[in-house]
Amino acid sequence: MVDTLSPKQRSERMALIRAKNTKPELRIRKLLHSLGYRYRLHRKDLPGKPDIVFPSRKKVIFIHGCFWHGHKCKMGSRPVKSNKAYWVNKIANNMKRDSLNIRELKNLGWKVRVVWECELKLPKKLKNSLTKFLGF
Ligand SMILES: [Zn+2]
């Protein structure tokens, strides 16, 4: 097969793929899988396209980067050096959209859990909390 992509196109495509399968997300998927949970990914028909969906339990999980989604933690308050107004605005918009999506999902009868990137620092605690959220 002939590779028709220029190096630039290829790296753009790779960046897209990376954005969809972020590292924290892969770690959480692996954890859930090892616990025996089965799930669907990125259901486009649900508000906010939740990262991990458990259709039979009617539960969803979002995995949020602390910086991008404005978490009130050390990782979330990482200072930006340039374009501060741009980032403040962008993050505020993300947060607004997140809370609208979550409200909409709840109205549709879904239970929602947001996993923050920083929670991965305490994997045992996260594991317990996810098991509690999902049930057996
Ligand atoms: Zn955080």
# chains A, B, ... in the order shown; residues from 1 in each chain; ligands from 1
>>> residues_near_ligand(ligand="ligand 1", cutoff="12 Å", atoms="only C-alpha atoms and all ligand atoms", output="number ranges by chain")
A: 63-78, 114-122
>>> select_by_dssp(residues="chain A", states="strand (DSSP E)", output="list in words")
Arg40, Leu41, Ile52, Val53, Phe54, Lys59, Val60, Ile61, Phe62, Ile63, His64, Lys111, Val112, Arg113, Val114, Val115 and Trp116 of chain A
>>> residues_around(residues="Gly109 in chain A", least_positions_apart="4", cutoff="10 Å", atoms="only C-alpha atoms", output="ChimeraX atom specification")
/A:58-59,103-105
>>> residues_around(residues="Leu32 in chain A", least_positions_apart="2", cutoff="12 Å", atoms="only C-alpha atoms", output="list in words")
Glu25, Leu26, Arg27, Ile28, Arg29, Lys30, Ser34, Leu35, Gly36, Tyr37, Arg38, Tyr39, Arg40, Ile52, Val53, Phe54, Ile61, Pro123, Leu126, Lys127, Asn128, Ser129, Leu130, Thr131, Phe133, Leu134, Gly135 and Phe136 of chain A
>>> residues_around(residues="Gly48 in chain A", least_positions_apart="3", cutoff="8 Å", atoms="only C-alpha atoms", output="PDB file with N, CA and C atoms, in the first residue's frame")
ATOM      1  N   LYS A  44     -22.049   8.640  20.469  1.00  0.00           N
ATOM      2  CA  LYS A  44     -22.313   9.945  19.871  1.00  0.00           C
ATOM      3  C   LYS A  44     -23.750  10.391  20.044  1.00  0.00           C
ATOM      4  N   ASP A  98     -19.766  21.197  30.018  1.00  0.00           N
ATOM      5  CA  ASP A  98     -19.769  19.984  30.826  1.00  0.00           C
ATOM      6  C   ASP A  98     -21.003  19.918  31.709  1.00  0.00           C
ATOM      7  N   ASN A 101     -24.158  19.215  29.717  1.00  0.00           N
ATOM      8  CA  ASN A 101     -24.214  17.815  29.276  1.00  0.00           C
ATOM      9  C   ASN A 101     -24.607  16.895  30.418  1.00  0.00           C
ATOM     10  N   ILE A 102     -24.016  17.138  31.583  1.00  0.00           N
ATOM     11  CA  ILE A 102     -24.289  16.282  32.734  1.00  0.00           C
ATOM     12  C   ILE A 102     -25.756  16.421  33.151  1.00  0.00           C
TER      13      ILE A 102
END
>>> select_by_dssp(residues="chain A", states="alpha helix (DSSP H)", output="NGL selection string")
:A and (7-20 or 23-34 or 84-107 or 123-134)
>>> atom_distance(atom1="CA of Ile91 in chain A", atom2="CA of Pro55 in chain A")
29.3 Å
>>> atom_distance(atom1="CA of Val60 in chain A", atom2="CA of Trp87 in chain A")
27.4 Å
>>> residues_around(residues="Asp51 in chain A", least_positions_apart="3", cutoff="6 Å", atoms="only C-alpha atoms", output="list in words")
Leu41, His42 and Phe62 of chain A
>>> atom_distance(atom1="CA of Lys84 in chain A", atom2="CA of Ser99 in chain A")
22.7 Å
